[in-house]
Every structure is written in C-alpha cells, then in structure tokens.
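Chemist: Structure file data-v5.txt (compact mmCIF, C-alpha atoms) right here:
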```
# COMPACT_ATOMS: atom_id res chain seq x y z
CA MET A 1 7.51 -1.21 -14.49
CA SER A 2 8.60 -1.80 -10.95
CA SER A 3 8.73 1.00 -8.41
CA PRO A 4 12.23 2.27 -7.58
CA LEU A 5 14.35 1.01 -4.73
CA PHE A 6 14.36 3.42 -1.81
CA VAL A 7 17.53 3.73 0.27
CA CYS A 8 17.30 5.62 3.55
CA ALA A 9 20.13 7.73 4.93
CA PRO A 10 22.08 6.39 7.97
CA VAL A 11 19.91 6.38 11.06
CA GLY A 12 20.18 5.60 14.75
CA GLY A 13 18.33 5.89 18.05
CA CYS A 14 14.93 7.64 17.91
CA ALA A 15 15.41 8.56 14.28
CA ALA A 16 15.62 4.86 13.50
CA ALA A 17 12.42 4.15 15.42
CA LYS A 18 10.58 6.85 13.51
CA GLN A 19 11.75 5.51 10.18
CA CYS A 20 10.81 1.97 11.15
CA ARG A 21 7.31 3.10 12.13
CA SER A 22 7.10 4.87 8.80
CA ALA A 23 8.18 1.69 7.06
CA VAL A 24 5.42 -0.27 8.81
CA ALA A 25 2.87 2.31 7.70
CA ARG A 26 3.98 1.88 4.08
CA ASN A 27 4.03 -1.93 4.41
CA ALA A 28 7.64 -1.93 3.22
CA ARG A 29 10.18 -4.43 4.42
CA VAL A 30 13.30 -3.51 6.38
CA VAL A 31 16.36 -5.38 5.18
CA ASN A 32 19.52 -5.89 7.21
CA PRO A 33 22.28 -3.94 5.43
CA THR A 34 24.73 -6.79 5.05
CA PRO A 35 26.38 -6.93 1.60
CA GLU A 36 24.52 -10.12 0.74
CA ARG A 37 21.05 -8.99 1.74
CA SER A 38 21.11 -5.32 0.81
CA ALA A 39 21.75 -6.34 -2.79
CA ARG A 40 18.43 -8.21 -2.90
CA TRP A 41 15.16 -6.63 -3.90
CA MET A 42 12.12 -7.90 -2.05
CA PRO A 43 8.97 -7.24 -4.11
CA ARG A 44 5.37 -7.89 -3.36
CA SER A 45 3.49 -10.08 -5.76
CA ASP A 46 1.49 -8.36 -8.48
CA PHE A 47 -0.96 -11.27 -8.39
CA ILE A 48 -4.02 -11.25 -6.17
CA GLY A 49 -4.04 -13.89 -3.48
CA ALA A 50 -1.51 -15.74 -1.37
CA SER A 51 2.05 -15.56 -2.59
CA PRO A 52 5.48 -16.59 -1.32
CA CYS A 53 6.59 -13.07 -2.18
CA HIS A 54 4.15 -11.34 0.18
CA ILE A 55 5.75 -9.38 3.00
CA SER A 56 4.99 -10.55 6.53
CA ALA A 57 4.54 -8.22 9.49
CA ALA A 58 6.52 -10.64 11.68
CA GLY A 59 9.44 -10.50 9.29
CA LEU A 60 9.25 -6.72 9.30
CA ARG A 61 9.33 -6.53 13.10
CA SER A 62 12.28 -8.91 13.26
CA GLU A 63 14.27 -6.93 10.71
CA ALA A 64 13.33 -3.63 12.42
CA ARG A 65 14.74 -4.86 15.73
CA GLY A 66 18.05 -5.47 13.96
CA VAL A 67 18.16 -1.91 12.70
CA LEU A 68 17.35 -0.47 16.13
CA ALA A 69 20.13 -2.60 17.64
CA GLY A 70 22.75 -0.56 15.84
CA TYR A 71 22.59 -1.01 12.07
CA THR A 72 23.16 2.25 10.24
CA THR A 73 21.40 1.73 6.93
CA MET A 74 17.86 0.70 6.08
CA VAL A 75 16.86 -0.41 2.63
CA PHE A 76 13.16 -0.26 1.86
CA ALA A 77 12.28 -2.48 -1.09
CA ALA A 78 8.80 -1.53 -2.31
CA ALA A 79 9.25 -3.58 -5.47
CA GLY A 80 11.89 -5.27 -7.59
CA ARG A 81 13.48 -8.68 -7.86
CA SER A 82 13.12 -10.74 -4.68
CA SER A 83 15.17 -13.55 -3.26
CA LYS A 84 11.92 -15.55 -3.12
CA ALA A 85 11.52 -15.10 -6.87
CA GLU A 86 15.08 -16.24 -7.48
CA GLU A 87 14.55 -19.29 -5.29
CA ALA A 88 11.34 -20.11 -7.15
CA LYS A 89 13.08 -19.71 -10.51
CA ASN A 90 15.94 -21.98 -9.48
CA ALA A 91 13.46 -24.60 -8.33
CA LEU A 92 11.67 -24.32 -11.68
CA PHE A 93 14.89 -24.75 -13.66
CA ALA A 94 15.73 -27.83 -11.59
CA ALA A 95 12.28 -29.32 -12.20
CA ILE A 96 12.47 -28.64 -15.94
CA LYS A 97 15.98 -29.99 -16.49
CA PRO A 98 15.12 -33.72 -16.79
CA SER A 99 12.03 -33.05 -18.92
CA ARG A 100 13.85 -32.51 -22.25
CA ILE A 101 11.96 -29.21 -22.74
CA GLY A 102 8.73 -31.08 -21.94
CA ARG A 103 9.00 -34.26 -23.98
CA GLU A 104 9.34 -36.45 -20.90
CA ALA A 105 6.71 -34.47 -18.98
CA VAL A 106 3.95 -35.10 -21.54
CA ARG A 107 4.46 -38.80 -20.86
CA SER A 108 4.60 -38.50 -17.07
CA ASP A 109 1.71 -37.02 -15.12
CA SER A 110 3.78 -36.77 -11.94
CA MET A 111 6.63 -34.88 -13.65
CA ARG A 112 4.18 -32.57 -15.36
CA ALA A 113 2.45 -31.85 -12.04
CA ARG A 114 5.75 -31.02 -10.32
CA ILE A 115 6.75 -28.67 -13.11
CA ASP A 116 3.35 -26.99 -13.18
CA ALA A 117 3.54 -26.36 -9.43
CA ALA A 118 7.01 -24.84 -9.86
CA ILE A 119 5.73 -22.65 -12.69
CA ARG A 120 2.86 -21.34 -10.57
CA ALA A 121 5.25 -20.52 -7.74
CA VAL A 122 7.28 -18.36 -10.12
CA GLU A 123 4.16 -16.74 -11.60
CA ALA A 124 3.11 -15.69 -8.10
CA CYS A 125 6.30 -13.59 -7.91
CA ASN A 126 5.76 -11.76 -11.20
CA PRO A 127 7.63 -8.42 -10.92
CA SER A 128 6.03 -6.88 -14.02
CA ALA A 129 2.64 -5.25 -13.43
CA ASP A 130 2.20 -4.48 -17.15
CA PRO A 131 4.29 -6.96 -19.15
CA LEU A 132 2.97 -5.81 -22.52
CA THR A 133 4.63 -2.40 -22.12
CA ASP A 134 7.66 -3.78 -20.30
CA PRO A 135 10.78 -3.35 -22.49
CA ASN A 136 11.94 -6.79 -21.33
CA LEU A 137 9.29 -8.33 -23.58
CA ASN A 138 11.09 -7.29 -26.77
CA ALA A 139 13.73 -9.98 -27.16
CA ARG A 140 14.73 -13.27 -28.70
CA TRP A 141 13.61 -16.08 -26.40
CA LYS A 142 14.50 -19.76 -26.26
CA LEU A 143 11.90 -22.32 -25.24
CA ILE A 144 13.03 -24.44 -22.31
CA TYR A 145 9.69 -26.05 -21.45
CA THR A 146 6.20 -26.55 -22.81
CA ASP A 147 3.45 -29.12 -22.42
CA SER A 148 2.24 -28.52 -26.00
CA GLU A 149 2.80 -31.68 -28.04
CA GLU A 150 2.13 -29.65 -31.17
CA ILE A 151 5.15 -27.43 -30.48
CA LEU A 152 7.28 -30.36 -29.32
CA GLY A 153 6.36 -32.29 -32.45
CA THR A 154 5.92 -35.52 -30.51
CA LYS A 155 3.26 -36.79 -32.94
CA ARG A 156 5.21 -36.06 -36.10
CA PRO A 157 6.98 -38.89 -37.92
CA VAL A 158 10.44 -39.67 -36.56
CA GLY A 159 12.95 -37.63 -38.52
CA PHE A 160 10.63 -34.61 -38.80
CA ARG A 161 10.55 -33.64 -35.16
CA PRO A 162 12.29 -30.46 -33.99
CA ASN A 163 15.33 -30.58 -31.77
CA ASP A 164 15.68 -28.43 -28.65
CA GLU A 165 16.49 -25.29 -30.68
CA ILE A 166 13.06 -23.62 -30.59
CA PHE A 167 13.00 -19.83 -30.47
CA GLN A 168 10.52 -16.96 -30.40
CA THR A 169 11.35 -13.36 -31.26
CA ILE A 170 8.95 -10.66 -30.09
CA ASP A 171 8.85 -7.06 -31.29
CA ALA A 172 5.90 -5.60 -29.43
CA THR A 173 6.76 -2.10 -30.64
CA ASN A 174 6.09 -3.08 -34.25
CA GLY A 175 3.51 -5.73 -33.42
CA THR A 176 5.36 -8.76 -34.81
CA ALA A 177 6.49 -12.16 -33.59
CA LYS A 178 8.40 -15.03 -35.16
CA ASN A 179 8.69 -18.66 -34.06
CA GLU A 180 11.60 -20.78 -35.32
CA GLU A 181 12.43 -24.47 -35.01
CA THR A 182 15.28 -26.59 -36.31
CA VAL A 183 14.46 -30.07 -37.66
CA PRO A 184 17.37 -32.46 -38.18
CA ILE A 185 16.67 -34.56 -41.28
CA LEU A 186 18.52 -37.90 -41.39
CA GLY A 187 20.64 -36.71 -38.50
CA ALA A 188 22.88 -34.41 -40.54
CA LEU A 189 20.77 -32.04 -42.63
CA LYS A 190 19.13 -29.33 -40.52
CA VAL A 191 16.00 -27.60 -41.80
CA LEU A 192 14.83 -24.30 -40.33
CA ASN A 193 11.05 -23.84 -40.14
CA PHE A 194 9.38 -20.63 -39.04
CA VAL A 195 6.04 -18.96 -38.42
CA GLU A 196 5.55 -15.20 -38.69
CA ALA A 197 2.69 -13.46 -36.90
CA GLU A 198 1.15 -10.12 -36.11
CA ILE A 199 0.46 -9.46 -32.44
CA ARG A 200 -1.97 -7.06 -30.82
CA PRO A 201 -1.70 -6.30 -27.10
CA GLU A 202 -4.71 -6.38 -24.81
CA PRO A 203 -3.36 -5.01 -21.50
CA PRO A 204 -2.45 -5.88 -18.92
CA ARG A 205 -1.10 -9.23 -20.12
CA ARG A 206 -2.94 -10.75 -23.11
CA VAL A 207 -1.59 -10.74 -26.66
CA GLN A 208 -3.80 -11.57 -29.62
CA VAL A 209 -1.89 -13.47 -32.30
CA GLN A 210 -2.71 -13.64 -36.00
CA PHE A 211 -0.39 -15.97 -37.88
CA LYS A 212 0.57 -14.59 -41.30
CA ARG A 213 3.09 -16.91 -42.95
CA PHE A 214 4.64 -20.34 -42.55
CA GLY A 215 8.11 -21.17 -43.84
CA VAL A 216 9.59 -24.62 -44.42
CA GLY A 217 13.30 -25.00 -44.96
CA GLY A 218 13.74 -21.37 -45.92
CA ALA A 219 12.41 -22.04 -49.43
CA LEU A 220 8.72 -22.95 -49.16
CA LYS A 221 6.57 -20.11 -47.81
CA ILE A 222 2.84 -20.46 -47.26
CA THR A 223 0.33 -17.73 -46.43
CA ALA A 224 -1.55 -18.57 -43.25
CA PRO A 225 -5.37 -18.65 -43.37
CA PRO A 226 -7.36 -16.07 -41.37
CA SER A 227 -8.41 -18.85 -39.00
CA ALA A 228 -4.80 -19.31 -37.87
CA ARG A 229 -4.96 -17.22 -34.75
CA GLY A 230 -4.85 -17.46 -30.98
CA TRP A 231 -3.75 -15.60 -27.87
CA LEU A 232 -1.14 -15.72 -25.13
CA ASP A 233 -1.16 -14.39 -21.58
CA VAL A 234 2.23 -13.24 -20.28
CA THR A 235 2.08 -14.47 -16.69
CA TYR A 236 5.69 -13.81 -15.69
CA LEU A 237 8.31 -11.48 -17.12
CA ASP A 238 11.69 -10.26 -16.00
CA ARG A 239 14.91 -9.53 -17.84
CA ASP A 240 15.83 -13.20 -18.37
CA LEU A 241 12.67 -15.31 -17.98
CA ARG A 242 9.20 -15.26 -19.53
CA ILE A 243 6.23 -17.51 -18.89
CA SER A 244 3.14 -17.48 -21.10
CA ARG A 245 -0.12 -19.43 -21.17
CA GLY A 246 -2.02 -19.93 -24.41
CA ASN A 247 -5.59 -20.30 -25.62
CA LYS A 248 -5.15 -24.09 -25.94
CA ASN A 249 -4.40 -24.39 -22.22
CA HIS A 250 -0.66 -24.88 -22.71
CA VAL A 251 2.19 -23.22 -20.86
CA PHE A 252 5.49 -21.97 -22.30
CA VAL A 253 8.66 -21.19 -20.33
CA LEU A 254 11.36 -19.26 -22.18
CA VAL A 255 14.71 -17.69 -21.39
CA ARG A 256 16.25 -14.65 -23.07
CA VAL A 257 19.08 -15.27 -25.49
CA PRO A 258 21.55 -12.74 -26.97
```
Could you write out this file's structure as structure tokens?
Modeler:
Amino acid sequence: MSSPLFVCAPVGGCAAAKQCRSAVARNARVVNPTPERSARWMPRSDFIGASPCHISAAGLRSEARGVLAGYTTMVFAAAGRSSKAEEAKNALFAAIKPSRIGREAVRSDSMRARIDAAIRAVEACNPSADPLTDPNLNARWKLIYTDSEEILGTKRPVGFRPNDEIFQTIDATNGTAKNEETVPILGALKVLNFVEAEIRPEPPRRVQVQFKRFGVGGALKITAPPSARGWLDVTYLDRDLRISRGNKNHVFVLVRVP
C-alpha cells in the first residue's frame, strides 16, 4: 500500500529553510498549502523508468521558495494519488469514450494506438506497489475497454454478441474470479453467460488463472478443461480503476462498480 501522507506543523523563517532542506534530502515534494493543491497527493511512480509522475528538483525548488515567502504549512507527499495520475486517467477516459469499449478500436489502428498510449501514461502512475495484496483488488469491476476480439465477441454471429455489460468479480482472499456478459437475443431476450475461475497470485502483480466452469443462460453449465488457463498482470490499481494485461497480449481497462 502507499506510504502515508506527511503533514508538517506550521513553519516560518529559518525553521522553514531547515524543513525544506530536509524535504530535498528525502526527495519529497513541497506543495503550496492552498485548499485546491493541499488536497492533492503527489506520488512517485512505482514503475522503473521515465514517468510523468516523477518529482522534479526544479519543481521542488519553486514550491520551496513559496513556502519561505510566508506560507505556514508544508505538505510532503511521499506517495498517494497524484494530480498527474488524475489527468492521465481523464485523458484515458476521453480516448476510450468513442471506442464502444473497444469495438471501434479493433477496426482502427490509429484509435487503438491513441488509447494504448493513454493506457501506458496511466500505468506509469500506478500508486499500488503490490496490487495483489491491495484491498482495492477485491471488487466487482466493469469492463470499459479491451482490444480482445474474443471478449468483445466481434467474430460471433450477429445476435450472439455481448452488449456493453461485461463484468469481472475478483475475490483474491478466497482465490476466485467470475466473468459475466449479457447477450441480447433477438433484441429483447437477455441471456447471462459467465465463466468461473480459480486464481493464484504470483507477486508483485501476476495472477495465474485456471478456468473451472462455463455457464450459458444460467441453465447450461460446462466444466472447463485443464487447458483452459492463462494469466493476467495487474499494471494499474487504485480504488476506482484497474488495468490488466493478459497472456494473449491484450489489455483490459475496468472501473469499480457498487
């Protein structure tokens, strides 16, 4: 989980200078204590390499000058949710919106490339160092984007393709997962299909998946063969968004639902 947010006591004069030097030594960032900015958490990326979430020394010096000029509170954000992450997420949602959860993107290389770039920008801001033990993982999630035509059902006969109601429920504590899709038959009749699986974590971010049972329409249930297995890497996780990449080189973007 993320490190806590550290809030310094009111400072001024030489005391402020000492605390700022201490902040530089810890590579923390000094945030102006305005109501808008002090509410933001500014984390460093947990991914190795360049990241829009990395803290710059120039930014630190600029913010420190503001504190020394008379501000009375310094907030040191060693980790947590950053404004950069929120900006990247908003850009991702905007890129995904016209894709119809990916159906348009699989037919457009340029749209798919734009969305993939937006996904990678969000992944670079991952706030969860160990997503498999993060309690945020245990939830019911709704798929909002994938480039997997198998999941989208684009090659199924018309009338047997799922609508946009595709969900995944994860219970990492008990090692189970369930995928659900709704297929509108003849426009009116809706059939619920599902897949149940056992999951086994391989920290820090990989989950081995063994599918156990397929269900069609709530009535027909089929035992999955031992060969029905795969894995997923959880590449981004916070309280309302999860991104995973699978063994078939597909990406999945999901949002938490109640």
Chemist: Choose the residue, out of A:Arg156, A:Arg120, A:Lys142, A:Arg200, that has the smallest atom-to-atom separation from Arg245 of chain A; count only C-alpha atoms.
Modeler: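 Of all the options, A:Arg120 lies closest to Arg245 of chain A.
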Chemist: Pick from A:Thr176, A:Asn193, A:Asn249, A:Ser128: nearest to Thr235 of chain A, with only C-alpha atoms counted?
Modeler: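 Comparing A:Thr176, A:Asn193, A:Asn249, A:Ser128 against Thr235 of chain A, the winner is A:Ser128.
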Chemist: Within 9 Å of (11.7, -13.9, -25.2) (file coordinates; all atoms listed in the file), which protein or nucleic acid residues are there? I'd like them as a list in words.
Modeler: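 Result, sorted by chain then residue number: Asn136, Leu137, Asn138, Ala139, Arg140, Trp141, Lys142, Leu143, Phe167, Gln168, Thr169, Ile170, Asp240, Leu241, Arg242, Leu254, Val255, Arg256 and Val257 of chain A.
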Chemist: Write out, as an mmCIF file, keeping the file's coordinate frame, the residues just selected, with C-alpha atoms.
Modeler:
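Resulting contents of selection00.cif:
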```cif
data_model
loop_
_atom_site.group_PDB
_atom_site.id
_atom_site.type_symbol
_atom_site.label_atom_id
_atom_site.label_comp_id
_atom_site.auth_asym_id
_atom_site.auth_seq_id
_atom_site.Cartn_x
_atom_site.Cartn_y
_atom_site.Cartn_z
ATOM 1 C CA ASN A 136 11.940 -6.790 -21.330
ATOM 2 C CA LEU A 137 9.290 -8.330 -23.580
ATOM 3 C CA ASN A 138 11.090 -7.290 -26.770
ATOM 4 C CA ALA A 139 13.730 -9.980 -27.160
ATOM 5 C CA ARG A 140 14.730 -13.270 -28.700
ATOM 6 C CA TRP A 141 13.610 -16.080 -26.400
ATOM 7 C CA LYS A 142 14.500 -19.760 -26.260
ATOM 8 C CA LEU A 143 11.900 -22.320 -25.240
ATOM 9 C CA PHE A 167 13.000 -19.830 -30.470
ATOM 10 C CA GLN A 168 10.520 -16.960 -30.400
ATOM 11 C CA THR A 169 11.350 -13.360 -31.260
ATOM 12 C CA ILE A 170 8.950 -10.660 -30.090
ATOM 13 C CA ASP A 240 15.830 -13.200 -18.370
ATOM 14 C CA LEU A 241 12.670 -15.310 -17.980
ATOM 15 C CA ARG A 242 9.200 -15.260 -19.530
ATOM 16 C CA LEU A 254 11.360 -19.260 -22.180
ATOM 17 C CA VAL A 255 14.710 -17.690 -21.390
ATOM 18 C CA ARG A 256 16.250 -14.650 -23.070
ATOM 19 C CA VAL A 257 19.080 -15.270 -25.490
#
```
Chemist: Can you pull out the residues contacting segment 210-221 of chain A? Cut-off 6 Å, using all atoms listed in the file, and skip same-chain residues under 6 positions away; I want them as a VMD selection string.
Modeler: chain A and resid 191 to 198 228 to 229
Chemist: Of the residues A:Ser99, A:Ser83, A:Ser108, A:Asn126, which is the one nearest to Tyr236 of chain A, using all atoms listed in the file?
Modeler: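 Of all the options, A:Asn126 lies closest to Tyr236 of chain A.
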Chemist: Can you tell me how far atom CA of Ile115 of chain A sits from atom CA of Asp233 of chain A, in Å to one decimal?
Modeler: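 These two atoms are separated by 18.4 Å.
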Chemist: Which residues are close to Asn247 of chain A, i.e. within 9 Å by all atoms listed in the file, leaving aside same-chain residues fewer than 5 positions away? Reply as a PyMOL selection string.
Modeler: chain A and resi 230-233
Chemist: In Å, with one decimal, what is the gap from atom CA of Ser148 of chain A to atom CA of His250 of chain A?
Modeler: 5.7 Å
Chemist: What does the distance between atom CA of Gly102 of chain A and atom CA of Val209 of chain A come to in Å, to one decimal place?
Modeler: 23.0 Å
Chemist: Which one is closest to Ala177 of chain A: A:Pro225, A:Pro98, A:Pro157, A:Pro201? Count all atoms listed in the file.
Modeler: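 Of A:Pro225, A:Pro98, A:Pro157, A:Pro201, the one nearest Ala177 of chain A is A:Pro201, counting all atoms listed in the file.
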Chemist: With 7 Å as the threshold, what does the neighbourhood of (13.8, -30.8, -34.3) contain in terms of residues, counting all atoms listed in the file? Coordinates are those of the file; answer as a JSON list (two decimals) with C-alpha atoms, in the coordinates of the input.
Modeler:
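And here is the file that came out, result_5.json:
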```json
[["chain", "number", "residue", "atom", "x", "y", "z"],
["A", 160, "PHE", "CA", 10.63, -34.61, -38.80],
["A", 161, "ARG", "CA", 10.55, -33.64, -35.16],
["A", 162, "PRO", "CA", 12.29, -30.46, -33.99],
["A", 163, "ASN", "CA", 15.33, -30.58, -31.77],
["A", 164, "ASP", "CA", 15.68, -28.43, -28.65],
["A", 181, "GLU", "CA", 12.43, -24.47, -35.01],
["A", 182, "THR", "CA", 15.28, -26.59, -36.31],
["A", 183, "VAL", "CA", 14.46, -30.07, -37.66],
["A", 184, "PRO", "CA", 17.37, -32.46, -38.18]]
```
Chemist: Kindly provide, as lines of an AutoDock Vina configuration file, the centre and edge lengths (Å, one decimal) of an axis-aligned box around all atoms of segment 179-188 of chain A given in the file, with 6 Å on each side.
Modeler:
```
center_x = 15.8
center_y = -28.3
center_z = -37.7
size_x = 26.2
size_y = 31.2
size_z = 19.3
```
